[in-house]
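Q: Structure: final.pdb, PDB, C-alpha atoms and all ligand atoms.
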```
ATOM      1  CA  MET G1045      20.141  75.674 -73.612
ATOM      2  CA  ALA G1046      18.816  76.481 -70.098
ATOM      3  CA  GLU G1047      20.789  75.191 -67.132
ATOM      4  CA  GLU G1048      18.704  72.691 -65.205
ATOM      5  CA  ILE G1049      17.665  73.949 -61.779
ATOM      6  CA  TYR G1050      15.016  72.277 -59.633
ATOM      7  CA  THR G1051      12.543  75.194 -59.470
ATOM      8  CA  PRO G1052      10.714  74.534 -56.141
ATOM      9  CA  GLY G1053      14.011  73.931 -54.328
ATOM     10  CA  HIS G1054      14.180  71.798 -51.205
ATOM     11  CA  THR G1055      12.697  74.373 -48.846
ATOM     12  CA  PRO G1056      10.618  73.187 -45.850
ATOM     13  CA  ASN G1057       7.525  74.579 -47.622
ATOM     14  CA  ALA G1058       8.156  72.663 -50.866
ATOM     15  CA  THR G1059       9.018  69.476 -48.965
ATOM     16  CA  ALA G1060       5.854  69.719 -46.847
ATOM     17  CA  PHE G1061       3.843  70.358 -50.043
ATOM     18  CA  MET G1062       5.134  67.105 -51.619
ATOM     19  CA  ALA G1063       4.805  65.151 -48.359
ATOM     20  CA  LYS G1064       0.998  65.491 -48.492
ATOM     21  CA  ARG G1065       0.951  63.154 -51.502
ATOM     22  CA  THR G1066       0.225  59.452 -51.196
ATOM     23  CA  LEU G1067      -0.066  56.564 -53.629
ATOM     24  CA  GLU G1068      -3.823  56.727 -53.117
ATOM     25  CA  SER G1069      -4.075  60.461 -53.833
ATOM     26  CA  HIS G1070      -1.531  60.764 -56.669
ATOM     27  CA  GLY G1071      -0.500  57.328 -57.927
ATOM     28  CA  GLN G1072      -3.821  55.558 -58.568
ATOM     29  CA  PHE G1073      -3.030  55.217 -62.262
ATOM     30  CA  PHE G1074      -0.194  52.833 -61.367
ATOM     31  CA  VAL G1075      -1.961  50.693 -58.745
ATOM     32  CA  PRO G1076      -3.192  48.086 -61.300
ATOM     33  CA  TRP G1077       0.469  47.459 -62.178
ATOM     34  CA  LEU G1078       1.464  46.654 -58.598
ATOM     35  CA  GLU G1079      -0.194  43.236 -58.470
ATOM     36  CA  GLY G1080       2.183  40.301 -58.618
ATOM     37  CA  ALA G1081       4.497  38.568 -56.195
ATOM     38  CA  GLY G1082       7.821  40.075 -55.227
ATOM     39  CA  LEU G1083       7.879  43.056 -57.565
ATOM     40  CA  GLU G1084      11.002  45.245 -57.511
ATOM     41  CA  VAL G1085       9.859  48.868 -57.883
ATOM     42  CA  LEU G1086      11.921  52.010 -58.479
ATOM     43  CA  ASP G1087      10.503  55.447 -57.584
ATOM     44  CA  LEU G1088      12.342  58.159 -59.537
ATOM     45  CA  GLY G1089      12.475  61.616 -57.945
ATOM     46  CA  CYS G1090      10.786  60.298 -54.804
ATOM     47  CA  GLY G1091      11.072  63.565 -52.810
ATOM     48  CA  PRO G1092      10.093  63.029 -49.150
ATOM     49  CA  GLY G1093       8.987  59.502 -49.993
ATOM     50  CA  THR G1094       5.323  59.489 -49.035
ATOM     51  CA  ILE G1095       4.267  57.970 -52.374
ATOM     52  CA  SER G1096       7.162  55.479 -52.160
ATOM     53  CA  MET G1097       5.743  54.343 -48.807
ATOM     54  CA  GLY G1098       2.429  53.557 -50.490
ATOM     55  CA  LEU G1099       4.264  51.651 -53.205
ATOM     56  CA  ALA G1100       6.040  49.577 -50.518
ATOM     57  CA  GLU G1101       2.730  48.807 -48.809
ATOM     58  CA  ALA G1102       1.268  47.769 -52.177
ATOM     59  CA  VAL G1103       4.063  45.229 -52.793
ATOM     60  CA  PRO G1104       4.521  43.653 -49.326
ATOM     61  CA  GLU G1105       6.493  40.727 -50.752
ATOM     62  CA  GLY G1106       8.479  42.968 -53.058
ATOM     63  CA  ARG G1107      10.940  45.789 -52.624
ATOM     64  CA  VAL G1108      10.844  49.518 -53.390
ATOM     65  CA  THR G1109      13.809  51.823 -53.971
ATOM     66  CA  GLY G1110      13.301  55.577 -54.011
ATOM     67  CA  ILE G1111      15.952  57.811 -55.549
ATOM     68  CA  ASP G1112      16.266  61.581 -55.469
ATOM     69  CA  PHE G1113      19.171  63.953 -55.997
ATOM     70  CA  GLY G1114      18.175  65.968 -52.920
ATOM     71  CA  GLU G1115      20.061  64.645 -49.891
ATOM     72  CA  CYS G1116      17.589  66.297 -47.515
ATOM     73  CA  GLN G1117      14.715  64.623 -49.375
ATOM     74  CA  ILE G1118      16.305  61.218 -48.947
ATOM     75  CA  ALA G1119      16.978  61.909 -45.241
ATOM     76  CA  ALA G1120      13.311  62.894 -44.747
ATOM     77  CA  ALA G1121      12.107  59.853 -46.701
ATOM     78  CA  ARG G1122      14.275  57.453 -44.672
ATOM     79  CA  GLU G1123      12.964  58.903 -41.416
ATOM     80  CA  LYS G1124       9.331  58.580 -42.515
ATOM     81  CA  ALA G1125       9.817  54.984 -43.686
ATOM     82  CA  ARG G1126      11.579  54.087 -40.410
ATOM     83  CA  ASP G1127       8.780  55.681 -38.363
ATOM     84  CA  ALA G1128       6.219  53.704 -40.390
ATOM     85  CA  GLY G1129       8.145  50.472 -39.789
ATOM     86  CA  LEU G1130       8.442  49.705 -43.496
ATOM     87  CA  THR G1131      11.243  47.209 -44.077
ATOM     88  CA  ASN G1132      10.864  46.644 -47.835
ATOM     89  CA  LEU G1133      11.719  50.228 -48.739
ATOM     90  CA  GLU G1134      15.080  51.914 -49.175
ATOM     91  CA  PHE G1135      16.229  55.275 -50.460
ATOM     92  CA  GLU G1136      19.365  56.433 -52.253
ATOM     93  CA  VAL G1137      20.733  59.786 -53.324
ATOM     94  CA  ALA G1138      21.100  59.554 -57.114
ATOM     95  CA  SER G1139      20.492  61.434 -60.334
ATOM     96  CA  CYS G1140      17.760  60.174 -62.649
ATOM     97  CA  TYR G1141      20.255  60.697 -65.495
ATOM     98  CA  GLU G1142      22.747  58.222 -64.012
ATOM     99  CA  LEU G1143      21.042  55.485 -62.039
ATOM    100  CA  PRO G1144      23.384  53.382 -59.883
ATOM    101  CA  PHE G1145      21.640  50.154 -60.884
ATOM    102  CA  ALA G1146      22.436  47.355 -63.317
ATOM    103  CA  ASP G1147      20.512  46.876 -66.556
ATOM    104  CA  GLY G1148      17.198  45.104 -66.042
ATOM    105  CA  SER G1149      17.124  45.365 -62.229
ATOM    106  CA  TYR G1150      13.491  46.491 -61.790
ATOM    107  CA  ASP G1151      10.019  45.199 -62.675
ATOM    108  CA  ARG G1152       8.395  48.609 -62.328
ATOM    109  CA  VAL G1153       9.530  52.224 -62.571
ATOM    110  CA  PHE G1154       7.254  54.884 -61.113
ATOM    111  CA  CYS G1155       7.890  58.578 -61.542
ATOM    112  CA  HIS G1156       5.609  61.319 -60.221
ATOM    113  CA  ALA G1157       6.152  65.054 -60.791
ATOM    114  CA  LEU G1158       9.733  64.812 -62.027
ATOM    115  CA  MET G1159       9.618  65.063 -65.839
ATOM    116  CA  GLU G1160       8.399  68.683 -65.776
ATOM    117  CA  HIS G1161      11.603  69.706 -63.964
ATOM    118  CA  LEU G1162      14.030  68.066 -66.376
ATOM    119  CA  GLU G1163      15.940  69.643 -69.208
ATOM    120  CA  ARG G1164      16.533  66.184 -70.743
ATOM    121  CA  PRO G1165      13.481  64.021 -69.972
ATOM    122  CA  HIS G1166      14.300  61.708 -72.901
ATOM    123  CA  GLU G1167      17.678  60.900 -71.283
ATOM    124  CA  ALA G1168      16.051  60.159 -67.925
ATOM    125  CA  LEU G1169      13.567  57.868 -69.693
ATOM    126  CA  ALA G1170      16.414  56.088 -71.507
ATOM    127  CA  GLU G1171      17.915  55.358 -68.063
ATOM    128  CA  ALA G1172      14.544  54.139 -66.781
ATOM    129  CA  PHE G1173      14.269  51.898 -69.841
ATOM    130  CA  ARG G1174      17.741  50.500 -69.187
ATOM    131  CA  VAL G1175      17.074  49.515 -65.561
ATOM    132  CA  LEU G1176      13.687  47.908 -66.363
ATOM    133  CA  ARG G1177      13.526  44.197 -67.090
ATOM    134  CA  SER G1178      11.918  42.997 -70.276
ATOM    135  CA  GLY G1179       8.234  42.663 -69.374
ATOM    136  CA  GLY G1180       8.585  45.600 -66.982
ATOM    137  CA  VAL G1181       6.255  48.594 -66.824
ATOM    138  CA  ILE G1182       6.874  52.307 -66.360
ATOM    139  CA  GLY G1183       4.336  54.848 -65.087
ATOM    140  CA  ILE G1184       5.009  58.583 -65.205
ATOM    141  CA  CYS G1185       2.813  61.512 -64.225
ATOM    142  CA  SER G1186       3.283  65.264 -64.658
ATOM    143  CA  PRO G1187       1.139  68.397 -64.768
ATOM    144  CA  ASP G1188       0.179  70.418 -67.800
ATOM    145  CA  ALA G1189      -0.301  74.153 -67.252
ATOM    146  CA  ASP G1190      -2.471  74.349 -70.394
ATOM    147  CA  GLY G1191      -5.152  72.604 -68.342
ATOM    148  CA  TRP G1192      -5.017  74.728 -65.199
ATOM    149  CA  LEU G1193      -8.373  76.059 -63.977
ATOM    150  CA  LEU G1194      -8.054  79.169 -61.824
ATOM    151  CA  ALA G1195     -10.858  81.228 -60.347
ATOM    152  CA  PRO G1196     -11.676  83.990 -59.951
ATOM    153  CA  PRO G1197      -9.811  84.829 -63.154
ATOM    154  CA  SER G1198      -7.896  88.049 -63.699
ATOM    155  CA  ALA G1199      -5.292  89.276 -66.147
ATOM    156  CA  ALA G1200      -2.847  89.822 -63.255
ATOM    157  CA  LEU G1201      -3.302  86.228 -62.044
ATOM    158  CA  THR G1202      -2.810  84.866 -65.561
ATOM    159  CA  ASP G1203       0.407  86.923 -65.828
ATOM    160  CA  ALA G1204       1.605  85.639 -62.443
ATOM    161  CA  VAL G1205       1.118  81.945 -63.225
ATOM    162  CA  GLU G1206       2.620  82.470 -66.683
ATOM    163  CA  ALA G1207       5.641  84.034 -64.963
ATOM    164  CA  TYR G1208       5.882  80.897 -62.826
ATOM    165  CA  ALA G1209       5.757  78.650 -65.923
ATOM    166  CA  ASP G1210       8.400  80.860 -67.578
ATOM    167  CA  LEU G1211      10.588  80.573 -64.479
ATOM    168  CA  GLN G1212      10.417  76.790 -64.672
ATOM    169  CA  ALA G1213      11.212  76.932 -68.410
ATOM    170  CA  SER G1214      14.215  79.179 -67.753
ATOM    171  CA  ASN G1215      15.377  76.514 -65.265
ATOM    172  CA  GLY G1216      15.223  73.879 -68.019
ATOM    173  CA  GLY G1217      11.805  72.426 -67.171
ATOM    174  CA  ASP G1218       8.440  72.439 -68.909
ATOM    175  CA  LEU G1219       5.184  72.879 -66.998
ATOM    176  CA  ARG G1220       3.309  71.884 -70.150
ATOM    177  CA  ILE G1221       5.017  68.517 -70.517
ATOM    178  CA  GLY G1222       1.931  66.534 -69.494
ATOM    179  CA  LYS G1223       0.527  66.237 -73.009
ATOM    180  CA  ARG G1224       3.919  65.005 -74.300
ATOM    181  CA  LEU G1225       4.376  62.132 -71.823
ATOM    182  CA  GLY G1226       2.936  59.450 -74.101
ATOM    183  CA  VAL G1227       5.166  60.456 -77.019
ATOM    184  CA  LEU G1228       8.186  60.631 -74.722
ATOM    185  CA  LEU G1229       7.549  57.032 -73.610
ATOM    186  CA  GLU G1230       7.167  55.856 -77.206
ATOM    187  CA  ASP G1231      10.341  57.679 -78.220
ATOM    188  CA  ALA G1232      12.182  55.936 -75.362
ATOM    189  CA  GLY G1233      11.161  52.544 -76.763
ATOM    190  CA  PHE G1234       8.166  51.670 -74.578
ATOM    191  CA  VAL G1235       5.201  49.940 -76.191
ATOM    192  CA  ARG G1236       1.479  49.637 -75.421
ATOM    193  CA  VAL G1237       1.606  53.223 -74.153
ATOM    194  CA  HIS G1238      -1.553  54.341 -72.398
ATOM    195  CA  VAL G1239      -2.298  57.959 -71.474
ATOM    196  CA  SER G1240      -4.872  59.289 -68.988
ATOM    197  CA  ALA G1241      -5.573  62.593 -67.239
ATOM    198  CA  ARG G1242      -7.257  63.845 -64.105
ATOM    199  CA  TYR G1243      -7.732  67.011 -62.087
ATOM    200  CA  GLU G1244      -6.548  67.714 -58.562
ATOM    201  CA  CYS G1245      -8.521  70.504 -56.945
ATOM    202  CA  TYR G1246      -6.227  71.913 -54.258
ATOM    203  CA  PRO G1247      -7.800  71.756 -50.800
ATOM    204  CA  SER G1248      -7.286  75.466 -50.187
ATOM    205  CA  LEU G1249      -6.071  78.402 -52.221
ATOM    206  CA  GLU G1250      -3.702  79.254 -49.394
ATOM    207  CA  PHE G1251      -2.011  75.841 -49.782
ATOM    208  CA  ILE G1252      -1.157  76.260 -53.471
ATOM    209  CA  GLY G1253      -0.906  80.065 -53.322
ATOM    210  CA  ASN G1254       1.785  80.057 -50.650
ATOM    211  CA  TYR G1255       3.739  77.393 -52.575
ATOM    212  CA  LEU G1256       3.753  79.448 -55.789
ATOM    213  CA  ALA G1257       4.219  82.840 -54.112
ATOM    214  CA  LEU G1258       7.277  81.719 -52.150
ATOM    215  CA  GLN G1259       9.004  80.604 -55.331
ATOM    216  CA  LEU G1260       8.102  83.804 -57.160
ATOM    217  CA  GLU G1261       9.483  85.806 -54.208
ATOM    218  CA  GLN G1262      12.672  83.751 -54.107
ATOM    219  CA  ASN G1263      13.199  84.567 -57.771
ATOM    220  CA  GLY G1264      12.690  88.319 -57.505
ATOM    221  CA  MET G1265       9.096  88.443 -58.774
ATOM    222  CA  ALA G1266       7.517  90.232 -55.806
ATOM    223  CA  ARG G1267       4.717  91.805 -57.853
ATOM    224  CA  HIS G1268       3.520  88.435 -59.185
ATOM    225  CA  ALA G1269       3.922  86.909 -55.711
ATOM    226  CA  LYS G1270       1.661  89.616 -54.263
ATOM    227  CA  THR G1271      -0.960  88.930 -56.951
ATOM    228  CA  VAL G1272      -0.923  85.234 -56.026
ATOM    229  CA  ARG G1273      -1.108  85.978 -52.295
ATOM    230  CA  ASP G1274      -4.023  88.419 -52.755
ATOM    231  CA  TRP G1275      -5.852  85.860 -54.918
ATOM    232  CA  SER G1276      -5.232  83.040 -52.449
ATOM    233  CA  GLY G1277      -6.990  85.109 -49.766
ATOM    234  CA  SER G1278     -10.245  85.086 -51.771
ATOM    235  CA  SER G1279     -12.953  82.870 -50.328
ATOM    236  CA  HIS G1280     -14.595  81.411 -53.465
ATOM    237  CA  GLY G1281     -11.591  80.733 -55.694
ATOM    238  CA  MET G1282     -10.176  77.482 -56.980
ATOM    239  CA  PHE G1283      -7.040  76.014 -58.502
ATOM    240  CA  ALA G1284      -7.479  72.732 -60.309
ATOM    241  CA  GLN G1285      -4.246  71.092 -61.402
ATOM    242  CA  ALA G1286      -4.296  69.015 -64.612
ATOM    243  CA  TRP G1287      -2.243  65.832 -64.216
ATOM    244  CA  VAL G1288      -1.388  63.574 -67.142
ATOM    245  CA  ALA G1289      -0.250  59.992 -66.538
ATOM    246  CA  ALA G1290       1.316  57.627 -69.054
ATOM    247  CA  THR G1291       2.251  53.975 -68.725
ATOM    248  CA  GLY G1292       4.279  51.852 -71.101
ATOM    249  CA  GLU G1293       5.805  48.406 -71.281
ATOM    250  CA  LYS G1294       9.289  47.229 -72.125
ATOM    251  CA  THR G1295       9.133  44.050 -74.157
ATOM    252  CA  ASP G1296      11.682  41.931 -75.983
ATOM    253  CA  HIS G1297      10.575  43.802 -79.081
ATOM    254  CA  SER G1298      11.001  47.273 -77.580
ATOM    255  CA  ALA G1299      13.735  49.257 -79.244
ATOM    256  CA  ALA G1300      15.253  51.989 -77.131
ATOM    257  CA  VAL G1301      16.056  55.138 -79.027
ATOM    258  CA  LEU G1302      19.579  55.879 -77.920
ATOM    259  CA  THR G1303      20.203  59.494 -77.019
TER
HETATM  260  C1  LIG Q   1       8.102  67.831 -57.481
HETATM  261  S1  LIG Q   1       9.085  66.754 -56.542
HETATM  262  C2  LIG Q   1       8.119  65.271 -56.585
HETATM  263  C3  LIG Q   1       8.374  64.368 -55.407
HETATM  264  C4  LIG Q   1       7.444  63.160 -55.382
HETATM  265  N1  LIG Q   1       7.705  62.266 -56.476
HETATM  266  C5  LIG Q   1       6.019  63.639 -55.409
HETATM  267  O1  LIG Q   1       5.361  63.542 -56.433
HETATM  268  O2  LIG Q   1       5.582  64.161 -54.380
HETATM  269  C6  LIG Q   1      10.408  66.361 -57.693
HETATM  270  C7  LIG Q   1      11.562  65.650 -57.046
HETATM  271  O3  LIG Q   1      12.486  65.298 -58.070
HETATM  272  C8  LIG Q   1      13.802  65.523 -57.595
HETATM  273  N2  LIG Q   1      14.675  65.744 -58.746
HETATM  274  C9  LIG Q   1      14.689  66.813 -59.579
HETATM  275  N3  LIG Q   1      15.619  66.626 -60.543
HETATM  276  C10 LIG Q   1      16.198  65.440 -60.301
HETATM  277  C11 LIG Q   1      17.232  64.687 -60.949
HETATM  278  N4  LIG Q   1      17.867  65.172 -62.031
HETATM  279  N5  LIG Q   1      17.567  63.477 -60.441
HETATM  280  C12 LIG Q   1      16.938  62.994 -59.344
HETATM  281  N6  LIG Q   1      15.970  63.658 -58.684
HETATM  282  C13 LIG Q   1      15.599  64.867 -59.165
HETATM  283  C14 LIG Q   1      13.690  66.728 -56.679
HETATM  284  O4  LIG Q   1      14.732  66.756 -55.733
HETATM  285  C15 LIG Q   1      12.323  66.510 -56.042
HETATM  286  O5  LIG Q   1      12.404  65.847 -54.821
END
```
Kindly return the structure encoded in the file as structure tokens.

A:
Amino acid sequence: MAEEIYTPGHTPNATAFMAKRTLESHGQFFVPWLEGAGLEVLDLGCGPGTISMGLAEAVPEGRVTGIDFGECQIAAAREKARDAGLTNLEFEVASCYELPFADGSYDRVFCHALMEHLERPHEALAEAFRVLRSGGVIGICSPDADGWLLAPPSAALTDAVEAYADLQASNGGDLRIGKRLGVLLEDAGFVRVHVSARYECYPSLEFIGNYLALQLEQNGMARHAKTVRDWSGSSHGMFAQAWVAATGEKTDHSAAVLT
């Protein structure tokens, strides 16, 4: 079994890449579930916390906790929340496999772009299930590389992005997990599971190209990195990311599948 390694790492580039995300841009699928007074929301794998900030704004009478195993991510998230003056938001360093919270402590669990990095997503979802109250709702979202649209196409570019997906797989993750999210929620005991999908067209090829190329370079794949950099310099190209979102509810009749 592959040893789990967080493929993007916590480099300034990867952190800045994540910090562009907001609840509005990446968490719309969960917004309908944020209505209700005083909701307690957990954001799993919150990274630099920009989506968590949107969650906190969406539940002004509630409370949001973001967790991430990256200490530097939590430090960045705390600073951003302090600068924004958000007082109903806190962050903690923690593993999604071992949440430092009592059973049934949260009304909502949100999780964006974490499952594809995990070797044991079913165990992380069992933990999420445990900390949700009965009547609580989970929302998870991850990419699926089977849906990527890249232009202009070339065999070298296909090889380079496949090498990136293989790298993530060798680190224990799965860049094609998107299509499995609904089944993973059902297997974890959630009911009324709903699945949706959307595309994110990256604002510039340089933005996504630099992100991928840096990681390929860091992992000794200079040839593939060069292919990605050359492609990202083209003026009429595109990279559309396929995101799959799944929501599910924990009810009194839910039965968690113990791992
Ligand atoms: C791709 S980033 C997503 C950050 C943010 N949710 C977003 O969508 O912008 C994934 C985050 O999950 C964190 N992470 C990875 N494995 C983790 C684990 N086992 N426990 C907790 N956090 C983890 C990483 O440190 C990283 O910040």

Q: Could you make a table, as a Markdown table, of the residues of chain G that have an atom within 6 Å of an atom of ligand LIG 1 (chain Q), each with its nearest atom pair and distance in Å to one decimal, counting all atoms listed in the file, in chain and number order?

A:
```
| residue | atom | partner | partner_atom | distance |
| --- | --- | --- | --- | --- |
| G:Tyr1050 | CA | Q:LIG1 | C9 | 5.5 |
| G:Met1062 | CA | Q:LIG1 | O2 | 4.1 |
| G:Arg1065 | CA | Q:LIG1 | O2 | 5.5 |
| G:Gly1089 | CA | Q:LIG1 | O3 | 3.7 |
| G:Cys1090 | CA | Q:LIG1 | N1 | 4.0 |
| G:Gly1091 | CA | Q:LIG1 | O5 | 3.3 |
| G:Asp1112 | CA | Q:LIG1 | N6 | 3.8 |
| G:Phe1113 | CA | Q:LIG1 | C12 | 4.1 |
| G:Gly1114 | CA | Q:LIG1 | O4 | 4.5 |
| G:Ala1138 | CA | Q:LIG1 | C12 | 5.8 |
| G:Ser1139 | CA | Q:LIG1 | N5 | 3.6 |
| G:Cys1140 | CA | Q:LIG1 | N5 | 4.0 |
| G:His1156 | CA | Q:LIG1 | N1 | 4.4 |
| G:Ala1157 | CA | Q:LIG1 | C2 | 4.6 |
| G:Leu1158 | CA | Q:LIG1 | C6 | 4.7 |
```

Q: Excluding segment 1175-1179 of chain G and residues on its chain fewer than 2 positions from it, collect all residues at most 12 Å away from it, counting all atoms listed in the file, and give them as a ChimeraX atom specification.

A: /G:1077,1083-1088,1140-1154,1168-1173,1181-1183,1233-1236,1292-1300

Q: Please compute the atom CA of Lys1270 of chain G-atom CA of His1161 of chain G distance, one decimal, in Å.

A: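 Between atom CA of Lys1270 of chain G and atom CA of His1161 of chain G the gap works out to 24.3 Å.
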
Q: Mind pulling up the distance from atom CA of Asn1215 of chain G to atom CA of Ile1252 of chain G?

A: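 According to the coordinates, atom CA of Ile1252 of chain G and atom CA of Asn1215 of chain G are separated by 20.3 Å.
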
Q: What would the selection look like, as a count of residues only, if the PyMOL selection byres (((chain G and resi 1198-1210) around 12) and not hetatm) were run on the coordinates I just shared?

A: 52

Q: When you look at segment 1068-1071 of chain G with a cut-off of 10 Å (counting only C-alpha atoms), what residues show up, excluding the ones that are within fewer than 5 positions of it in the same chain? I need them as a compact mmCIF listing (two decimals) with C-alpha atoms, in the frame of the given file.

A:
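Once everything was written out, this is selection16.txt:
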```txt
# COMPACT_ATOMS: atom_id res chain seq x y z
CA ILE G 1095 4.27 57.97 -52.37
CA SER G 1096 7.16 55.48 -52.16
CA GLY G 1098 2.43 53.56 -50.49
CA LEU G 1099 4.26 51.65 -53.20
CA PHE G 1154 7.25 54.88 -61.11
CA CYS G 1155 7.89 58.58 -61.54
CA HIS G 1156 5.61 61.32 -60.22
CA ALA G 1157 6.15 65.05 -60.79
CA GLY G 1183 4.34 54.85 -65.09
CA ILE G 1184 5.01 58.58 -65.20
CA CYS G 1185 2.81 61.51 -64.22
CA ARG G 1242 -7.26 63.84 -64.10
CA GLU G 1244 -6.55 67.71 -58.56
CA TRP G 1287 -2.24 65.83 -64.22
CA ALA G 1289 -0.25 59.99 -66.54
```

Q: To one decimal place, how far is atom CA of Thr1059 of chain G from atom CA of Ile1118 of chain G in Å?

A: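 Here the two named atoms are 11.0 Å from each other.
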
Q: From the set G:Ala1286, G:Ala1081, G:Cys1245, G:Ala1100, which residue has the shortest atom-to-atom contact distance to Ala1125 of chain G, counting only C-alpha atoms?

A: G:Ala1100

Q: I'd like the neighbourhood of Val1237 of chain G as JSON, numbers by chain, where a residue qualifies if any of its atoms comes within 8 Å (using all atoms listed in the file), though same-chain residues fewer than 6 positions away should be ignored.

A: {"G": [1226, 1229, 1230, 1290, 1291, 1292, 1293]}

Q: Box along x, y and z, 4 Å on every side, all listed atoms of segment 1175-1178 of chain G inside: centre and edge lengths in Å to one decimal, as JSON.

A:
```
{"center_x": 14.5, "center_y": 46.3, "center_z": -67.9, "size_x": 13.2, "size_y": 14.5, "size_z": 12.7}
```

Q: Counting only C-alpha atoms, figure out which residue out of G:Ile1111, G:Val1227, G:Ala1284, G:Val1103 gets nearest to Pro1076 of chain G.

A: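 Nearest to Pro1076 of chain G: G:Val1103.
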